[in-house]
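Okay, structure first, notes after.
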Amino acid sequence: MYSESDIDGAVAAGAISSDAAAALRRHVATVHAAPAVDEEHFRLLTGFNDIFVSIAIALLLAALGQIGFSLSHGLGGAFVAAAAWMLAFYFTGKRRMALPSILLLLAFVGGVAGGLIGFIETLWSNINGTAGALAMSGVGLVSAGAAWLHWRRFMVPITVAAGAAALVAVVIGLLMAAFPGIKQGMWPILLVCGIGVFALAMRWDMSDPRRETRRADVAFWLHLAAAPMIAHPIFQMLGVFDGEIGAGVAVIVLALYLLFAGIALAVDRRALLVSSLVYVLYALYSLFRSAGAVELGAAFTAFVIGSALLTLSAFWQPMRRMVVGWLSQPMRLRLPPVHQPA
């Protein structure tokens, strides 16, 4: 019901003391038999009313977008962005509703980007090549600026991740404009960008290793944005979905997933595991099929991966203790604290 940011806000408003907030966190950690950092909290719903309001917002914004699009391609996005900004003053600024705030942020940034794309297409109907790549960079840059403006006003944690994704689009657009033939090599570029976003996420995480402030929420969304930028390029370059994969590639995929599991345990974030799950499922399925389990290959795959993930979840703390123990002392001090057994 209450996020770390809500508790911090209550302390700042004087509703509870900092000592009371710390005692509350310790009590919750004791009840759950795990430290608060291991739970990887983030607030998506404050109640069912969040869903109700989000549905209403989605209907309203979709209607405004369609009305604006009927007048001009650019006006559709502009109407959505303007409405999302105004609605955020109430649902984000006053009501502090989680899911509507996320939806309004995405609608605002997406509306700005969609509006710009619409106006560009109206002015230059056949824009492509270098000019198109430059236009994409401009759209990404303005979208990143819109995300920054939204952050300065409303400070929704997902905003930083949205801005980072927009900047990635700027980088890719500029490289495509400078090197038109680089389109075939976009996966390595996206991987480098993903590592950069992951480094930014770690910077936010390391500034609040106990995950007691809004900075931890920001880091959560940055990790969620970085994970697919890292996982998808790696497995796409391996050709996982290019057809039947051999046992060698399947073993490499499984080894990479184990590496991602080690990183996830060390930083206490699970986004990498989720983003690469579909690839390890396909790789293990291919191994079972090559071993002759054609009819039950999918069942065996689901059984093995499901059991492994449940085991990882149940023994997350002792496994994390082992992984973090392999790291140097300075690095351990910058990571979330490890829960010690009683």
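Ligands are numbered from 1 in the order shown, residues from 1 within each chain, and chains are lettered A, B, ... in the order they appear in the structure tokens.
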As a ChimeraX atom specification, which residues of segment 33-231 of chain A does DSSP assign to helix (DSSP H, G or I)? /A:36-39,48-71,73-91,98-123,129-154,158-178,180-206,214-231
Surrounding residues of Leu105 of chain A excluding itself and chain neighbours under 6 positions, 10 Å, only C-alpha atoms, as a PyMOL selection string: chain A and resi 81+84-85+88+92+99+111+146-147+150-151+154-159+162
Please provide as a PyMOL selection string all residues within 12 Å of Leu190 of chain A, with the sequence filter that same-chain residues fewer than 4 positions apart are discarded (counting only C-alpha atoms). chain A and resi 165+167-173+175+182-186+194-197+225-234+236-237
Which residue of A:Ala177, A:Glu295, A:Tyr282, A:Leu273 approaches Asp242 of chain A most closely, using only C-alpha atoms: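 The closest residue to Asp242 of chain A is A:Tyr282.
Residues lying within 6 Å of segment 206-209 of chain A, counting only C-alpha atoms and ignoring same-chain neighbours fewer than 2 positions away, are Met202, Arg203, Trp204, Arg211, Arg334, Leu335 and Pro336 of chain A.
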Convert the current residue selection to file output with C-alpha atoms, as an mmCIF file, in the first residue's frame.
data_model
loop_
_atom_site.group_PDB
_atom_site.id
_atom_site.type_symbol
_atom_site.label_atom_id
_atom_site.label_comp_id
_atom_site.auth_asym_id
_atom_site.auth_seq_id
_atom_site.Cartn_x
_atom_site.Cartn_y
_atom_site.Cartn_z
ATOM 1 C CA MET A 202 23.821 1.578 -10.915
ATOM 2 C CA ARG A 203 24.787 5.173 -10.181
ATOM 3 C CA TRP A 204 21.282 5.844 -8.868
ATOM 4 C CA ARG A 211 16.732 1.698 -1.072
ATOM 5 C CA ARG A 334 28.447 0.184 -2.589
ATOM 6 C CA LEU A 335 25.914 -2.571 -3.226
ATOM 7 C CA PRO A 336 22.696 -3.179 -1.250
#
Surrounding residues of Asp205 of chain A excluding itself and chain neighbours under 6 positions, 12 Å, only C-alpha atoms, as number ranges by chain: A: 37, 40, 198-199, 211-223, 267-269, 334-337
